[in-house]
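Colleague: coords.txt is reproduced below (compact mmCIF, C-alpha atoms).
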# COMPACT_ATOMS: atom_id res chain seq x y z
CA ASP H 203 140.87 97.65 83.87
CA ALA H 204 138.90 95.64 86.44
CA GLY H 205 137.04 93.76 83.76
CA VAL H 206 133.28 93.41 83.47
CA ILE H 207 131.76 93.91 86.90
CA GLN H 208 128.45 92.35 87.88
CA SER H 209 126.45 92.74 91.04
CA PRO H 210 125.21 91.11 93.10
CA ARG H 211 127.18 87.85 92.90
CA HIS H 212 124.31 85.93 94.47
CA GLU H 213 120.65 86.80 94.80
CA VAL H 214 117.99 84.78 96.57
CA THR H 215 114.49 86.12 96.29
CA GLU H 216 110.93 85.00 96.75
CA MET H 217 108.65 84.30 93.85
CA GLY H 218 106.83 87.43 92.75
CA GLN H 219 109.53 89.84 93.85
CA GLU H 220 111.37 92.20 91.54
CA VAL H 221 115.02 91.41 90.84
CA THR H 222 117.56 93.80 89.37
CA LEU H 223 120.93 92.64 88.10
CA ARG H 224 123.65 95.15 87.36
CA CYS H 225 126.59 95.30 85.01
CA LYS H 226 129.49 97.66 84.37
CA PRO H 227 131.21 96.87 81.08
CA ILE H 228 134.85 97.48 80.28
CA SER H 229 135.51 101.11 79.47
CA GLY H 230 135.61 101.62 75.72
CA HIS H 231 133.61 98.52 74.88
CA ASP H 232 130.60 99.57 72.84
CA TYR H 233 128.80 96.23 72.80
CA LEU H 234 127.12 94.77 75.87
CA PHE H 235 125.47 91.36 76.08
CA TRP H 236 123.27 89.68 78.69
CA TYR H 237 123.39 85.88 78.77
CA ARG H 238 121.62 83.31 80.92
CA GLN H 239 123.22 79.96 81.74
CA THR H 240 121.19 76.86 82.55
CA MET H 241 122.17 73.22 82.60
CA MET H 242 119.64 72.33 79.91
CA ARG H 243 120.31 75.11 77.43
CA GLY H 244 123.82 76.30 78.17
CA LEU H 245 124.47 79.98 77.54
CA GLU H 246 121.58 81.80 75.88
CA LEU H 247 121.72 85.36 74.63
CA LEU H 248 118.95 87.45 76.13
CA ILE H 249 119.68 90.89 74.68
CA TYR H 250 122.55 92.97 73.40
CA PHE H 251 123.25 96.68 73.13
CA ASN H 252 125.46 98.69 70.80
CA ASN H 253 126.36 102.21 71.92
CA ASN H 254 123.72 101.94 74.66
CA VAL H 255 120.93 101.11 72.17
CA PRO H 256 119.18 97.73 72.37
CA ILE H 257 119.78 95.95 69.07
CA ASP H 258 118.30 92.50 69.54
CA ASP H 259 116.06 91.48 72.42
CA SER H 260 114.59 88.41 70.76
CA GLY H 261 116.13 86.20 73.43
CA MET H 262 114.27 87.86 76.28
CA PRO H 263 111.96 85.08 77.45
CA GLU H 264 108.89 87.17 78.17
CA ASP H 265 107.60 90.55 79.19
CA ARG H 266 108.67 89.97 82.76
CA PHE H 267 112.23 90.61 81.62
CA SER H 268 113.51 94.06 80.73
CA ALA H 269 116.97 95.54 80.21
CA LYS H 270 118.29 99.07 80.05
CA MET H 271 121.57 100.76 79.35
CA PRO H 272 121.25 104.40 80.43
CA ASN H 273 124.91 105.13 79.70
CA ALA H 274 128.06 103.51 78.40
CA SER H 275 129.17 102.32 81.82
CA PHE H 276 126.03 100.75 83.26
CA SER H 277 123.32 98.28 82.36
CA THR H 278 120.53 96.55 84.28
CA LEU H 279 118.50 93.43 83.72
CA LYS H 280 115.22 93.41 85.61
CA ILE H 281 112.82 90.57 86.23
CA GLN H 282 109.38 91.51 87.54
CA PRO H 283 107.74 89.43 88.85
CA SER H 284 110.33 86.70 89.34
CA GLU H 285 109.45 83.00 89.09
CA PRO H 286 111.31 79.86 90.21
CA ARG H 287 112.08 78.96 86.57
CA ASP H 288 114.13 82.15 86.30
CA SER H 289 116.72 80.59 88.61
CA ALA H 290 119.98 80.53 86.66
CA VAL H 291 123.35 82.25 86.37
CA TYR H 292 123.13 85.52 84.48
CA PHE H 293 126.24 86.80 82.74
CA CYS H 294 127.03 90.18 81.33
CA ALA H 295 129.71 90.46 78.64
CA SER H 296 131.21 93.29 76.63
CA SER H 297 133.15 93.67 73.40
CA PHE H 298 134.78 96.44 71.38
CA THR H 299 135.05 94.46 68.18
CA GLY H 300 131.40 93.79 67.53
CA VAL H 301 129.11 90.81 67.70
CA ARG H 302 131.47 88.51 65.77
CA ALA H 303 134.41 89.32 67.99
CA ASN H 304 137.45 87.37 66.83
CA TYR H 305 138.61 86.84 70.37
CA GLY H 306 135.21 86.50 71.91
CA TYR H 307 133.65 88.64 74.55
CA THR H 308 134.86 89.54 78.04
CA PHE H 309 132.44 88.06 80.54
CA GLY H 310 131.72 89.12 84.07
CA SER H 311 131.69 86.63 86.92
CA GLY H 312 127.94 86.28 86.78
CA THR H 313 125.01 86.63 89.16
CA ARG H 314 123.58 83.41 90.52
CA LEU H 315 119.84 83.98 90.92
CA THR H 316 117.70 81.68 93.00
CA VAL H 317 113.95 82.28 93.12
CA VAL H 318 112.17 80.33 95.85
CA ASP M 212 116.28 74.07 69.50
CA GLN M 213 120.00 73.78 70.27
CA GLN M 214 122.04 74.70 67.22
CA VAL M 215 125.29 73.88 69.02
CA LYS M 216 125.51 70.64 70.97
CA GLN M 217 128.05 69.27 73.38
CA ASN M 218 126.80 65.77 74.05
CA SER M 219 129.30 64.87 76.76
CA PRO M 220 128.46 66.69 79.99
CA SER M 221 131.68 65.52 81.62
CA LEU M 222 135.08 64.02 80.87
CA SER M 223 137.87 62.73 83.10
CA VAL M 224 141.46 62.39 81.90
CA GLN M 225 144.74 61.50 83.55
CA GLU M 226 147.36 64.23 83.79
CA GLY M 227 149.70 64.15 80.82
CA ARG M 228 147.21 62.42 78.53
CA ILE M 229 145.18 63.96 75.72
CA SER M 230 141.78 65.52 76.39
CA ILE M 231 139.36 65.62 73.47
CA LEU M 232 136.21 67.70 73.78
CA ASN M 233 133.60 67.48 71.04
CA CYS M 234 131.02 69.87 69.65
CA ASP M 235 128.42 69.42 66.90
CA TYR M 236 126.38 72.07 65.15
CA THR M 237 123.35 71.99 62.91
CA ASN M 238 123.46 75.30 61.04
CA SER M 239 125.52 75.03 57.85
CA MET M 240 125.79 78.84 57.77
CA PHE M 241 128.07 78.85 60.82
CA ASP M 242 131.53 79.92 59.75
CA TYR M 243 133.29 81.04 62.92
CA PHE M 244 133.77 79.03 66.07
CA LEU M 245 135.12 79.75 69.53
CA TRP M 246 136.01 77.72 72.58
CA TYR M 247 135.66 79.22 76.04
CA LYS M 248 136.95 77.93 79.34
CA LYS M 249 135.08 78.53 82.58
CA TYR M 250 136.26 78.04 86.14
CA PRO M 251 133.74 77.86 89.01
CA ALA M 252 132.40 81.24 90.14
CA GLU M 253 134.03 82.95 87.18
CA GLY M 254 132.80 83.99 83.77
CA PRO M 255 133.83 82.17 80.59
CA THR M 256 137.15 83.26 79.09
CA PHE M 257 138.14 83.00 75.45
CA LEU M 258 140.45 80.08 74.68
CA ILE M 259 140.82 79.54 70.94
CA SER M 260 138.96 80.16 67.70
CA ILE M 261 138.74 78.78 64.18
CA SER M 262 137.33 80.10 60.94
CA SER M 263 135.64 77.85 58.41
CA ILE M 264 138.41 78.55 55.90
CA LYS M 265 140.69 76.43 58.07
CA ASP M 266 140.40 72.91 59.40
CA LYS M 267 142.88 73.29 62.24
CA ASN M 268 144.15 75.98 64.56
CA GLU M 269 146.84 75.53 67.17
CA ASP M 270 147.79 77.56 70.22
CA GLY M 271 150.31 75.90 72.47
CA ARG M 272 148.77 72.82 74.08
CA PHE M 273 145.37 73.59 72.55
CA THR M 274 144.31 72.60 69.04
CA VAL M 275 140.88 72.98 67.51
CA PHE M 276 139.85 70.83 64.55
CA LEU M 277 136.93 71.63 62.26
CA ASN M 278 135.17 69.10 60.04
CA LYS M 279 132.70 71.14 58.01
CA SER M 280 131.16 68.21 56.18
CA ALA M 281 130.33 66.54 59.49
CA LYS M 282 129.46 69.85 61.17
CA HIS M 283 131.77 68.87 63.98
CA LEU M 284 134.60 70.49 65.86
CA SER M 285 136.84 69.22 68.58
CA LEU M 286 139.27 70.70 71.07
CA HIS M 287 142.41 68.74 71.86
CA ILE M 288 144.49 69.50 74.94
CA VAL M 289 147.91 67.88 74.98
CA PRO M 290 149.29 67.25 77.53
CA SER M 291 146.42 67.76 79.95
CA GLN M 292 147.23 69.47 83.24
CA PRO M 293 145.23 69.69 86.50
CA GLY M 294 144.79 73.43 85.88
CA ASP M 295 142.84 72.57 82.75
CA SER M 296 140.01 71.25 84.92
CA ALA M 297 137.10 73.53 84.00
CA VAL M 298 133.92 73.68 81.95
CA TYR M 299 134.51 74.18 78.24
CA PHE M 300 131.93 75.80 75.98
CA CYS M 301 131.95 75.86 72.22
CA ALA M 302 130.21 78.67 70.36
CA ALA M 303 129.37 79.29 66.72
CA SER M 304 128.35 82.23 64.60
CA SER M 305 127.36 82.83 61.00
CA TYR M 306 128.49 85.73 58.82
CA THR M 307 124.93 87.00 58.62
CA GLY M 308 124.13 86.24 62.22
CA ASN M 309 123.99 88.59 65.13
CA GLN M 310 125.12 86.36 67.95
CA PHE M 311 127.20 83.43 69.02
CA TYR M 312 125.28 80.27 69.82
CA PHE M 313 126.69 78.32 72.73
CA GLY M 314 126.63 74.66 73.66
CA THR M 315 125.76 73.37 77.11
CA GLY M 316 129.39 72.83 78.10
CA THR M 317 131.62 69.88 78.99
CA SER M 318 133.13 69.64 82.44
CA LEU M 319 136.73 68.42 82.18
CA THR M 320 138.50 66.93 85.18
CA VAL M 321 142.22 66.25 84.88
CA ILE M 322 143.32 63.75 87.50
CA PRO M 323 146.83 64.25 88.91
How does the structure come out when it is put into structure tokens?
Modeller:
Amino acid sequence: DAGVIQSPRHEVTEMGQEVTLRCKPISGHDYLFWYRQTMMRGLELLIYFNNNVPIDDSGMPEDRFSAKMPNASFSTLKIQPSEPRDSAVYFCASSFTGVRANYGYTFGSGTRLTVV
Amino acid sequence: DQQVKQNSPSLSVQEGRISILNCDYTNSMFDYFLWYKKYPAEGPTFLISISSIKDKNEDGRFTVFLNKSAKHLSLHIVPSQPGDSAVYFCAASSYTGNQFYFGTGTSLTVIP
């Protein structure tokens, strides 16, 4: 398996524009997580899905953020409109053993978002 | 508020010596802990875990120690190798929780 695949790897956009980040989890993994990494707060969970259904979105910072998982092999995280404070690295991760995975989650390589 | 804290943003160690990375947590309900390793431009990868029923877990050169009374865990790498240079994250979860809480990471540099 190619692992968790995220695209794009880098995104530079202007403030106010819509940004869409994409993720393909590992086949067979029924949990998908979106994390955001910043220097100040480390890795923060934004939202996670189980069997394509959003279970907990309490980490989504505000209504400008939305996430979907239309099928088991694809998820998107959308920011509209984007702001400079959204600049961060966004990671997608997947798991087949649940939220408390004994061996952790498999992370993608991340999308580095810069909003200017 | 950060429930998992890694107070040392960076650490430098000579090759062959011991590296000790520290992590503190505030939630006494946390009972399962992970360490991840992250290279630049890559996602974090699982390194080692420990359950609260243990106070030590070993895997090769890596050992994690848990002090529940102090709400503190540490990762020991012996001997340190240049390939260990990476950012290390600790993460914690409670039995009733629905996520892992991560620290801010410690950047380890092993000097040849």
Colleague: Could the residues of chain H within 12 Å of chain M, counting only C-alpha atoms, be given as a PyMOL selection string, please?
Modeller: chain H and resi 205-208+211-212+233-252+257-261+291-297+300-314
Colleague: For Arg272 (chain M), which residue out of M:Gln214, M:Ser239, M:His287, M:Glu226 is the nearest one, using all atoms listed in the file?
Modeller: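 Looking only at the distances to Arg272 (chain M), the closest residue turns out to be M:His287.
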Colleague: Please determine an axis-aligned box that encloses all atoms of region 251-259 of chain H listed in the file, with 3 Å added on each side, and express its centre and edge lengths in Å to one decimal as lines of an AutoDock Vina configuration file.
Modeller:
center_x = 121.2
center_y = 96.8
center_z = 71.9
size_x = 16.3
size_y = 16.7
size_z = 11.6
Colleague: Given the choices H:Val221, H:Asn254, H:Ala290, H:Met262, which gets closest to Ser277 (chain H) if the distance is worked out from all atoms listed in the file?
Modeller: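 Ranking H:Val221, H:Asn254, H:Ala290, H:Met262 by distance to Ser277 (chain H), first place goes to H:Asn254.
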Colleague: Using CA of Leu315 (chain H) and CA of Thr222 (chain H) as the two end points, give the distance in Å to one decimal.
Modeller: 10.2 Å
Colleague: Rank H:Thr299, H:Thr316, H:Thr215, H:Ser209 by their smallest atom-to-atom distance to Leu279 (chain H), using only C-alpha atoms, and report the top residue only.
Modeller: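 Looking at the shortest contact to Leu279 (chain H), the residue is H:Ser209.
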Colleague: For Glu220 (chain H), please output as a list in words all residues within 9 Å (counting all atoms listed in the file; exclusion window: fewer than 4 positions along the same chain).
Modeller: Thr215, Glu216, Lys280, Ile281, Gln282, Pro283 and Ser284 of chain H
Colleague: I'd like the neighbourhood of Ser230 (chain M) as a VMD selection string, where a residue qualifies if any of its atoms comes within 10 Å (using all atoms listed in the file), though same-chain residues fewer than 3 positions away should be ignored.
Modeller: chain M and resid 222 to 227 233 273 285 to 292 295 319 to 321
Colleague: May I have the selected residues written with C-alpha atoms, as an mmCIF file, in the coordinates of the input?
Modeller:
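Final file, selection_3.cif:
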data_model
loop_
_atom_site.group_PDB
_atom_site.id
_atom_site.type_symbol
_atom_site.label_atom_id
_atom_site.label_comp_id
_atom_site.auth_asym_id
_atom_site.auth_seq_id
_atom_site.Cartn_x
_atom_site.Cartn_y
_atom_site.Cartn_z
ATOM 1 C CA LEU M 222 135.080 64.020 80.870
ATOM 2 C CA SER M 223 137.870 62.730 83.100
ATOM 3 C CA VAL M 224 141.460 62.390 81.900
ATOM 4 C CA GLN M 225 144.740 61.500 83.550
ATOM 5 C CA GLU M 226 147.360 64.230 83.790
ATOM 6 C CA GLY M 227 149.700 64.150 80.820
ATOM 7 C CA ASN M 233 133.600 67.480 71.040
ATOM 8 C CA PHE M 273 145.370 73.590 72.550
ATOM 9 C CA SER M 285 136.840 69.220 68.580
ATOM 10 C CA LEU M 286 139.270 70.700 71.070
ATOM 11 C CA HIS M 287 142.410 68.740 71.860
ATOM 12 C CA ILE M 288 144.490 69.500 74.940
ATOM 13 C CA VAL M 289 147.910 67.880 74.980
ATOM 14 C CA PRO M 290 149.290 67.250 77.530
ATOM 15 C CA SER M 291 146.420 67.760 79.950
ATOM 16 C CA GLN M 292 147.230 69.470 83.240
ATOM 17 C CA ASP M 295 142.840 72.570 82.750
ATOM 18 C CA LEU M 319 136.730 68.420 82.180
ATOM 19 C CA THR M 320 138.500 66.930 85.180
ATOM 20 C CA VAL M 321 142.220 66.250 84.880
#
Colleague: Which distance in Å separates CA of Gly218 (chain H) and CA of Ser268 (chain H), to one decimal?
Modeller: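 About the pair CA of Gly218 (chain H) and CA of Ser268 (chain H): they are 15.3 Å apart.
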Colleague: CA of Thr278 (chain H) and CA of Leu223 (chain H), how far apart in Å?
Modeller: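 A separation of 5.5 Å between them.
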